[in-house]
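S.K.: Next up, work-v2.cif (mmCIF, C-alpha atoms and all ligand atoms).
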data_my_file
#
loop_
_atom_site.label_atom_id
_atom_site.label_comp_id
_atom_site.auth_asym_id
_atom_site.auth_seq_id
_atom_site.Cartn_x
_atom_site.Cartn_y
_atom_site.Cartn_z
CA MET Z 16 17.59 55.67 -124.01
CA ASN Z 17 20.07 58.27 -122.75
CA LEU Z 18 19.47 59.65 -119.28
CA VAL Z 19 21.06 61.86 -116.66
CA LEU Z 20 20.87 60.58 -113.09
CA LYS Z 21 21.20 63.06 -110.23
CA ILE Z 22 21.94 60.92 -107.18
CA TRP Z 23 22.33 61.85 -103.51
CA ARG Z 24 25.79 60.80 -102.32
CA GLN Z 25 26.64 60.85 -98.61
CA ASP Z 26 29.49 58.89 -97.01
CA ASN Z 27 27.83 58.34 -93.63
CA ALA Z 28 25.25 59.76 -91.21
CA GLU Z 29 27.54 62.62 -90.10
CA ALA Z 30 28.98 63.55 -93.50
CA LYS Z 31 27.58 66.35 -95.64
CA GLY Z 32 25.81 64.94 -98.68
CA LYS Z 33 25.50 66.31 -102.21
CA MET Z 34 23.82 65.56 -105.53
CA VAL Z 35 26.14 64.02 -108.13
CA GLU Z 36 25.32 63.75 -111.84
CA TYR Z 37 25.83 60.53 -113.78
CA PRO Z 38 25.10 60.38 -117.52
CA MET Z 39 23.72 56.98 -118.60
CA SER Z 40 23.52 55.68 -122.17
CA ASN Z 41 21.85 52.65 -123.79
CA VAL Z 42 19.33 52.18 -120.99
CA GLU Z 43 16.76 49.55 -122.07
CA GLY Z 44 13.06 50.09 -121.38
CA ASP Z 45 12.80 46.52 -120.08
CA MET Z 46 15.37 47.12 -117.35
CA SER Z 47 14.01 47.51 -113.86
CA PHE Z 48 15.03 50.70 -112.04
CA LEU Z 49 17.34 48.70 -109.78
CA GLU Z 50 18.93 46.89 -112.74
CA MET Z 51 19.67 50.30 -114.22
CA LEU Z 52 21.42 51.24 -110.94
CA ASP Z 53 23.29 47.90 -111.06
CA VAL Z 54 24.65 48.87 -114.49
CA LEU Z 55 25.69 52.28 -113.15
CA ASN Z 56 27.47 50.60 -110.22
CA GLU Z 57 29.29 48.10 -112.46
CA ASP Z 58 30.50 51.05 -114.47
CA LEU Z 59 31.61 52.96 -111.34
CA ILE Z 60 33.44 49.88 -110.00
CA ASN Z 61 35.19 49.35 -113.35
CA LYS Z 62 36.36 52.98 -113.18
CA GLY Z 63 37.63 52.48 -109.62
CA GLU Z 64 34.93 54.73 -108.15
CA GLU Z 65 32.71 54.11 -105.12
CA PRO Z 66 29.41 52.44 -106.16
CA VAL Z 67 26.12 54.00 -105.08
CA ALA Z 68 24.74 52.34 -101.93
CA PHE Z 69 21.03 51.50 -102.20
CA ASP Z 70 18.79 49.03 -100.38
CA HIS Z 71 17.24 46.00 -102.07
CA ASP Z 72 16.45 42.39 -101.29
CA CYS Z 73 13.56 40.45 -102.87
CA ARG Z 74 13.20 42.59 -106.03
CA GLU Z 75 9.63 41.26 -106.22
CA GLY Z 76 7.66 43.90 -104.29
CA ILE Z 77 7.50 41.81 -101.13
CA CYS Z 78 10.19 42.86 -98.66
CA GLY Z 79 9.80 46.65 -98.64
CA THR Z 80 13.55 47.23 -98.69
CA CYS Z 81 13.92 49.25 -101.90
CA SER Z 82 13.44 52.75 -100.57
CA LEU Z 83 14.12 55.36 -103.22
CA MET Z 84 12.69 58.81 -103.74
CA ILE Z 85 12.52 59.15 -107.53
CA ASN Z 86 11.76 62.59 -108.95
CA GLY Z 87 10.21 63.54 -105.62
CA GLU Z 88 7.98 60.48 -105.29
CA PRO Z 89 8.66 57.46 -103.06
CA HIS Z 90 8.94 54.40 -105.37
CA GLY Z 91 8.75 56.68 -108.41
CA PRO Z 92 6.00 57.80 -110.79
CA ASP Z 93 3.97 54.55 -110.98
CA ARG Z 94 1.19 53.64 -108.54
CA LEU Z 95 0.85 50.52 -106.37
CA ILE Z 96 4.36 49.24 -107.06
CA THR Z 97 7.71 49.34 -105.31
CA THR Z 98 10.94 50.73 -106.77
CA CYS Z 99 12.10 47.21 -107.71
CA GLN Z 100 8.95 46.78 -109.83
CA LEU Z 101 9.44 50.08 -111.67
CA HIS Z 102 10.69 49.73 -115.24
CA MET Z 103 12.70 52.19 -117.28
CA ARG Z 104 10.01 52.29 -119.98
CA LYS Z 105 8.24 54.73 -117.64
CA PHE Z 106 10.92 57.30 -118.54
CA ASN Z 107 11.78 59.05 -121.79
CA ASP Z 108 15.00 59.48 -123.73
CA GLY Z 109 16.78 62.60 -122.47
CA ASP Z 110 15.12 62.58 -119.05
CA THR Z 111 16.91 63.72 -115.92
CA ILE Z 112 16.02 61.49 -112.96
CA VAL Z 113 16.59 62.75 -109.42
CA ILE Z 114 17.22 59.92 -106.93
CA GLU Z 115 17.26 60.60 -103.19
CA PRO Z 116 16.90 58.58 -99.99
CA PHE Z 117 13.64 58.52 -97.99
CA ARG Z 118 14.05 61.64 -95.87
CA ALA Z 119 12.80 61.76 -92.27
CA THR Z 120 14.46 62.49 -88.92
CA ALA Z 121 13.38 59.05 -87.73
CA PHE Z 122 15.06 57.43 -90.78
CA PRO Z 123 18.71 58.60 -90.46
CA ILE Z 124 20.85 58.16 -93.56
CA ILE Z 125 23.42 55.35 -93.31
CA LYS Z 126 25.08 55.91 -96.67
CA ASP Z 127 24.00 57.42 -100.00
CA LEU Z 128 20.44 56.13 -100.59
CA VAL Z 129 20.31 53.73 -97.62
CA VAL Z 130 18.39 54.84 -94.53
CA ASP Z 131 17.97 53.20 -91.13
CA ARG Z 132 14.32 52.12 -90.78
CA ASN Z 133 14.73 50.29 -87.48
CA ALA Z 134 12.24 52.75 -85.96
CA PHE Z 135 9.56 50.68 -87.73
CA GLU Z 136 10.92 47.48 -86.14
CA ARG Z 137 10.71 49.07 -82.68
CA ILE Z 138 7.09 50.15 -83.29
CA GLN Z 139 6.28 46.60 -84.37
CA GLN Z 140 8.04 45.15 -81.32
CA ALA Z 141 6.01 47.46 -79.04
CA GLY Z 142 2.76 45.61 -79.87
CA GLY Z 143 2.55 44.24 -83.40
CA PHE Z 144 1.96 40.65 -82.31
CA ILE Z 145 -0.46 38.42 -80.42
CA SER Z 146 0.57 36.28 -77.45
CA VAL Z 147 -0.14 32.64 -78.24
CA ASN Z 148 0.38 29.53 -76.14
CA THR Z 149 2.79 27.42 -78.20
CA SER Z 150 3.34 24.78 -75.53
CA GLY Z 151 1.45 22.13 -77.46
CA ASN Z 152 -2.07 23.23 -76.54
CA THR Z 153 -2.30 25.90 -79.23
CA VAL Z 154 -5.85 26.56 -80.40
CA ASP Z 155 -6.25 26.17 -84.15
CA ALA Z 156 -6.79 29.71 -85.46
CA ASN Z 157 -9.27 28.37 -88.00
CA ALA Z 158 -11.52 27.12 -85.16
CA ILE Z 159 -12.73 30.72 -84.63
CA PRO Z 160 -15.23 31.78 -87.32
CA ILE Z 161 -14.46 35.22 -88.79
CA ALA Z 162 -16.78 37.18 -91.07
CA LYS Z 163 -15.43 37.35 -94.62
CA ASP Z 164 -15.47 41.16 -94.78
CA MET Z 165 -13.48 41.39 -91.52
CA ALA Z 166 -10.97 38.79 -92.71
CA ASP Z 167 -10.57 40.70 -95.99
CA GLU Z 168 -10.00 44.03 -94.21
CA ALA Z 169 -7.46 42.47 -91.84
CA MET Z 170 -5.66 40.88 -94.78
CA ASP Z 171 -5.62 44.20 -96.67
CA ALA Z 172 -4.00 45.88 -93.63
CA ALA Z 173 -1.52 43.01 -93.33
CA THR Z 174 -0.20 43.64 -96.85
CA CYS Z 175 1.84 46.60 -95.53
CA ILE Z 176 5.47 45.73 -96.26
CA GLY Z 177 6.99 48.34 -93.93
CA CYS Z 178 8.75 50.18 -96.75
CA GLY Z 179 8.43 53.67 -95.26
CA ALA Z 180 7.09 55.36 -98.40
CA CYS Z 181 4.21 56.75 -96.35
CA VAL Z 182 6.70 58.54 -94.07
CA ALA Z 183 8.76 59.83 -97.00
CA ALA Z 184 5.63 61.13 -98.77
CA CYS Z 185 4.25 62.92 -95.71
CA LYS Z 186 5.08 66.58 -95.11
CA ASN Z 187 5.08 65.77 -91.37
CA ALA Z 188 7.08 62.53 -91.78
CA SER Z 189 4.19 60.79 -90.04
CA ALA Z 190 4.20 57.01 -89.58
CA MET Z 191 0.44 56.86 -88.96
CA LEU Z 192 -0.35 54.81 -92.09
CA PHE Z 193 2.26 52.16 -91.24
CA THR Z 194 1.38 51.98 -87.53
CA SER Z 195 -2.35 51.95 -88.20
CA ALA Z 196 -1.99 49.09 -90.69
CA LYS Z 197 -0.12 47.07 -88.06
CA VAL Z 198 -2.71 47.93 -85.38
CA SER Z 199 -5.62 47.19 -87.73
CA GLN Z 200 -4.52 43.78 -88.91
CA PHE Z 201 -4.96 42.57 -85.31
CA ALA Z 202 -7.79 44.86 -84.17
CA LEU Z 203 -10.10 43.43 -86.81
CA LEU Z 204 -9.69 39.82 -85.68
CA PRO Z 205 -10.95 38.17 -82.47
CA GLN Z 206 -7.45 36.84 -81.73
CA GLY Z 207 -6.17 40.43 -81.76
CA ARG Z 208 -8.88 41.86 -79.49
CA VAL Z 209 -7.38 40.26 -76.34
CA GLU Z 210 -4.40 42.65 -76.23
CA ALA Z 211 -5.94 45.44 -78.32
CA THR Z 212 -5.85 48.14 -75.62
CA ASP Z 213 -2.20 47.68 -74.69
CA ARG Z 214 -1.22 47.21 -78.33
CA VAL Z 215 -2.52 50.53 -79.61
CA MET Z 216 -1.24 52.47 -76.58
CA ASN Z 217 2.25 50.94 -76.81
CA MET Z 218 2.61 51.21 -80.58
CA VAL Z 219 1.45 54.85 -80.68
CA ARG Z 220 3.75 55.70 -77.76
CA GLN Z 221 6.72 54.13 -79.58
CA MET Z 222 5.78 55.90 -82.83
CA ASP Z 223 5.89 59.26 -80.99
CA LEU Z 224 9.15 58.38 -79.21
CA GLU Z 225 10.82 57.68 -82.56
CA GLY Z 226 10.18 61.27 -83.66
CA PHE Z 227 7.61 60.74 -86.42
CA GLY Z 228 5.25 63.65 -87.02
CA ASN Z 229 1.50 63.79 -86.66
CA CYS Z 230 -1.13 63.09 -89.31
CA THR Z 231 -2.82 66.18 -90.73
CA ASN Z 232 -5.04 64.29 -93.20
CA THR Z 233 -3.22 65.27 -96.40
CA GLY Z 234 -3.46 61.72 -97.76
CA ALA Z 235 -0.10 61.68 -99.61
CA CYS Z 236 0.76 58.45 -97.75
CA GLU Z 237 -2.21 56.59 -99.24
CA VAL Z 238 -1.42 57.87 -102.75
CA GLU Z 239 2.23 56.76 -102.61
CA CYS Z 240 1.75 53.49 -100.70
CA PRO Z 241 2.79 50.60 -102.99
CA LYS Z 242 0.28 48.30 -101.28
CA GLY Z 243 -2.74 50.62 -101.36
CA ILE Z 244 -3.06 50.77 -97.56
CA SER Z 245 -6.17 52.84 -96.89
CA LEU Z 246 -6.48 55.96 -94.73
CA GLU Z 247 -9.40 54.14 -93.08
CA ASN Z 248 -6.76 52.34 -91.04
CA ILE Z 249 -5.67 55.66 -89.50
CA ALA Z 250 -9.29 56.42 -88.57
CA ARG Z 251 -9.57 52.94 -87.01
CA MET Z 252 -6.34 53.41 -85.04
CA ASN Z 253 -7.58 56.77 -83.73
CA ARG Z 254 -10.83 55.11 -82.57
CA GLU Z 255 -8.87 52.27 -80.96
CA TYR Z 256 -6.61 54.80 -79.22
CA MET Z 257 -9.49 56.92 -77.88
CA SER Z 258 -11.26 53.82 -76.65
CA ALA Z 259 -8.05 52.63 -74.92
CA ILE Z 260 -7.71 56.00 -73.17
CA VAL Z 261 -11.33 55.86 -71.97
CA LYS Z 262 -10.76 52.33 -70.63
CA GLY Z 263 -7.79 53.79 -68.75
S1 LIG U 1 1.64 51.72 -95.22
FE1 LIG U 1 2.28 51.43 -97.37
S2 LIG U 1 3.87 53.00 -97.67
FE2 LIG U 1 3.63 52.74 -95.45
S3 LIG U 1 5.13 51.21 -94.85
FE3 LIG U 1 3.20 50.09 -95.27
S4 LIG U 1 3.38 49.50 -97.43
FE4 LIG U 1 4.93 51.07 -97.12
S1 LIG U 2 13.46 44.80 -103.12
FE1 LIG U 2 11.86 43.84 -101.96
S2 LIG U 2 10.14 45.15 -102.31
FE2 LIG U 2 11.68 45.96 -103.59
#
Using the file provided, produce a representation of the structure as structure tokens.

M.R.:
Amino acid sequence: MNLVLKIWRQDNAEAKGKMVEYPMSNVEGDMSFLEMLDVLNEDLINKGEEPVAFDHDCREGICGTCSLMINGEPHGPDRLITTCQLHMRKFNDGDTIVIEPFRATAFPIIKDLVVDRNAFERIQQAGGFISVNTSGNTVDANAIPIAKDMADEAMDAATCIGCGACVAACKNASAMLFTSAKVSQFALLPQGRVEATDRVMNMVRQMDLEGFGNCTNTGACEVECPKGISLENIARMNREYMSAIVKG
């Protein structure tokens, strides 16, 4: 397959970026999207040019690092997969593929396609945990019976990999889907109820401080989320937040 890649190149956060065209030939359908970029980079290095910086780690859909906007969609045209799980057979000979970083004020560009997603870490640190006595008297979590449907819902919320596609897809650059998944995975379980009020207040406060926008119920986040995180989590977080306000 012969392709034309249009890739966002930007030296650093302050530099002015621009789209640069790279023709690619002999691209195999079985290559993953990231392998195709590896081939491009090998070629650029061999020519003495600067390779394209892009994020990746596990390449198995687990870590959430591979953040690429491909033809205007976070993680590309497929559903329920990450960029590292996308294969070139999804594209056709002669296609032009536009590759950009996840764009949001709260995700400043570091270089080319790499953005700083530490805002998510700070939201998580604001409340995405439970306080457990680990001094040797820790209560076995399995000693507390949990209804199967609640355990399933909590596990579904916990599958969020913090990739940021929800933010990139949202016209408001809202982080509500991510934050609500992190709030929900604890709110649904008895162990998480103990600190539930502080958790939702602190995580929402941090989310706002980071400069993410508000949710206006468009639903693009749910469509583009590689883990199928449901909008129901946002509704749950809103209920948790209102209840925390009422409790004062
Ligand atoms: S909610 Fe989905 S899109 Fe958003 S960070 Fe989690 S896994 Fe990624
Ligand atoms: S590189 Fe880990 S999810 Fe893609």

S.K.: Using 9 Å as the limit and counting all atoms listed in the file, can you tabulate each residue of chain Z that touches ligand LIG 2 (chain U), with its shortest atom-to-atom distance in Å and the two atoms involved, as CSV?

M.R.:
residue,atom,partner,partner_atom,distance
Z:Leu49,CA,U:LIG2,S1,8.6
Z:Asp70,CA,U:LIG2,S1,7.3
Z:His71,CA,U:LIG2,S1,4.1
Z:Asp72,CA,U:LIG2,S1,4.3
Z:Cys73,CA,U:LIG2,FE1,3.9
Z:Arg74,CA,U:LIG2,S1,3.7
Z:Glu75,CA,U:LIG2,FE1,5.5
Z:Gly76,CA,U:LIG2,S2,3.4
Z:Ile77,CA,U:LIG2,S2,4.4
Z:Cys78,CA,U:LIG2,FE1,3.8
Z:Gly79,CA,U:LIG2,S2,4.0
Z:Thr80,CA,U:LIG2,FE1,5.0
Z:Cys81,CA,U:LIG2,FE2,4.3
Z:Ser82,CA,U:LIG2,FE2,7.6
Z:Ile96,CA,U:LIG2,S2,8.5
Z:Thr97,CA,U:LIG2,FE2,5.5
Z:Thr98,CA,U:LIG2,FE2,5.8
Z:Cys99,CA,U:LIG2,FE2,4.3
Z:Gln100,CA,U:LIG2,FE2,6.9
Z:Ile176,CA,U:LIG2,S2,7.7
Z:Cys178,CA,U:LIG2,S2,7.6

S.K.: Using all atoms listed in the file, which residues of the polymer chains come no farther than 7 Å from ligand LIG 1 (chain U)? I'd like the answer as number ranges by chain.

M.R.: Z: 79, 174-182, 192-193, 196, 236, 239-244

S.K.: Enter the distance from atom CA of Met84 of chain Z to atom CA of Glu115 of chain Z, in Å, rounded to one decimal.

M.R.: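 Pair atom CA of Met84 of chain Z / atom CA of Glu115 of chain Z returns 4.9 Å.
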
S.K.: For the atom pair atom CA of Phe227 of chain Z and atom CA of Lys262 of chain Z, what is the interatomic distance in Å to one decimal place?

M.R.: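 Between these atoms lies a distance of 25.6 Å.
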
S.K.: Which neighbours of Ile114 of chain Z fall inside 12 Å, counting only C-alpha atoms, when residues of the same chain fewer than 6 positions from it are skipped, and could you give them as a ChimeraX atom specification?

M.R.: /Z:19-24,33-37,48-49,52,67-69,82-91,98,127-129

S.K.: Need the shell around segment 120-123 of chain Z: protein/DNA/RNA residues with any atom at most 8 Å away, counting all atoms listed in the file. Skip same-chain ones fewer than 3 positions apart. Format as a ChimeraX atom specification?

M.R.: /Z:28,117,130-134,188,225-227

S.K.: Quick one: pull the distance between atom CA of Leu246 of chain Z and atom CA of Ser195 of chain Z, Å, one decimal.

M.R.: 8.7 Å

S.K.: Rank Z:Arg104, Z:Leu203, Z:Ala158, Z:Thr194 by their smallest atom-to-atom distance to Met170 of chain Z, using all atoms listed in the file, and report the top residue only.

M.R.: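 Under the stated criterion, the closest residue is Z:Leu203.
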
S.K.: Have a look at Z:Ala166, Z:Val215, Z:Ala119, Z:Ile112 and name the one nearest to Asn187 of chain Z; count only C-alpha atoms.

M.R.: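 Result for the nearest residue to Asn187 of chain Z: Z:Ala119.
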
S.K.: Between Z:Cys230, Z:Thr212, Z:Gln221, Z:Pro38, which residue has the minimum interatomic distance to Tyr256 of chain Z, considering only C-alpha atoms?

M.R.: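 Closest residue, counting only C-alpha atoms: Z:Thr212.
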
S.K.: Please provide as a PDB file with C-alpha atoms, in the coordinates of the input all residues within 12 Å of Gln140 of chain Z, with the sequence filter that same-chain residues fewer than 3 positions apart are discarded (counting only C-alpha atoms).

M.R.:
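The result, stored in selection_7.pdb:
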ATOM      1  CA  ASN Z 133      14.730  50.290 -87.480  1.00  0.00           C
ATOM      2  CA  ALA Z 134      12.240  52.750 -85.960  1.00  0.00           C
ATOM      3  CA  PHE Z 135       9.560  50.680 -87.730  1.00  0.00           C
ATOM      4  CA  GLU Z 136      10.920  47.480 -86.140  1.00  0.00           C
ATOM      5  CA  ARG Z 137      10.710  49.070 -82.680  1.00  0.00           C
ATOM      6  CA  GLY Z 143       2.550  44.240 -83.400  1.00  0.00           C
ATOM      7  CA  PHE Z 144       1.960  40.650 -82.310  1.00  0.00           C
ATOM      8  CA  ILE Z 145      -0.460  38.420 -80.420  1.00  0.00           C
ATOM      9  CA  THR Z 194       1.380  51.980 -87.530  1.00  0.00           C
ATOM     10  CA  LYS Z 197      -0.120  47.070 -88.060  1.00  0.00           C
ATOM     11  CA  VAL Z 198      -2.710  47.930 -85.380  1.00  0.00           C
ATOM     12  CA  ARG Z 214      -1.220  47.210 -78.330  1.00  0.00           C
ATOM     13  CA  VAL Z 215      -2.520  50.530 -79.610  1.00  0.00           C
ATOM     14  CA  ASN Z 217       2.250  50.940 -76.810  1.00  0.00           C
ATOM     15  CA  MET Z 218       2.610  51.210 -80.580  1.00  0.00           C
ATOM     16  CA  VAL Z 219       1.450  54.850 -80.680  1.00  0.00           C
ATOM     17  CA  ARG Z 220       3.750  55.700 -77.760  1.00  0.00           C
ATOM     18  CA  GLN Z 221       6.720  54.130 -79.580  1.00  0.00           C
ATOM     19  CA  MET Z 222       5.780  55.900 -82.830  1.00  0.00           C
TER      20      MET Z 222
END

S.K.: Measuring between all atoms listed in the file, which one of Z:Glu237, Z:Asn152, Z:Lys163, Z:Glu43 shows the shortest distance to Lys105 of chain Z?

M.R.: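 The shortest atom-to-atom distance to Lys105 of chain Z comes from Z:Glu43.
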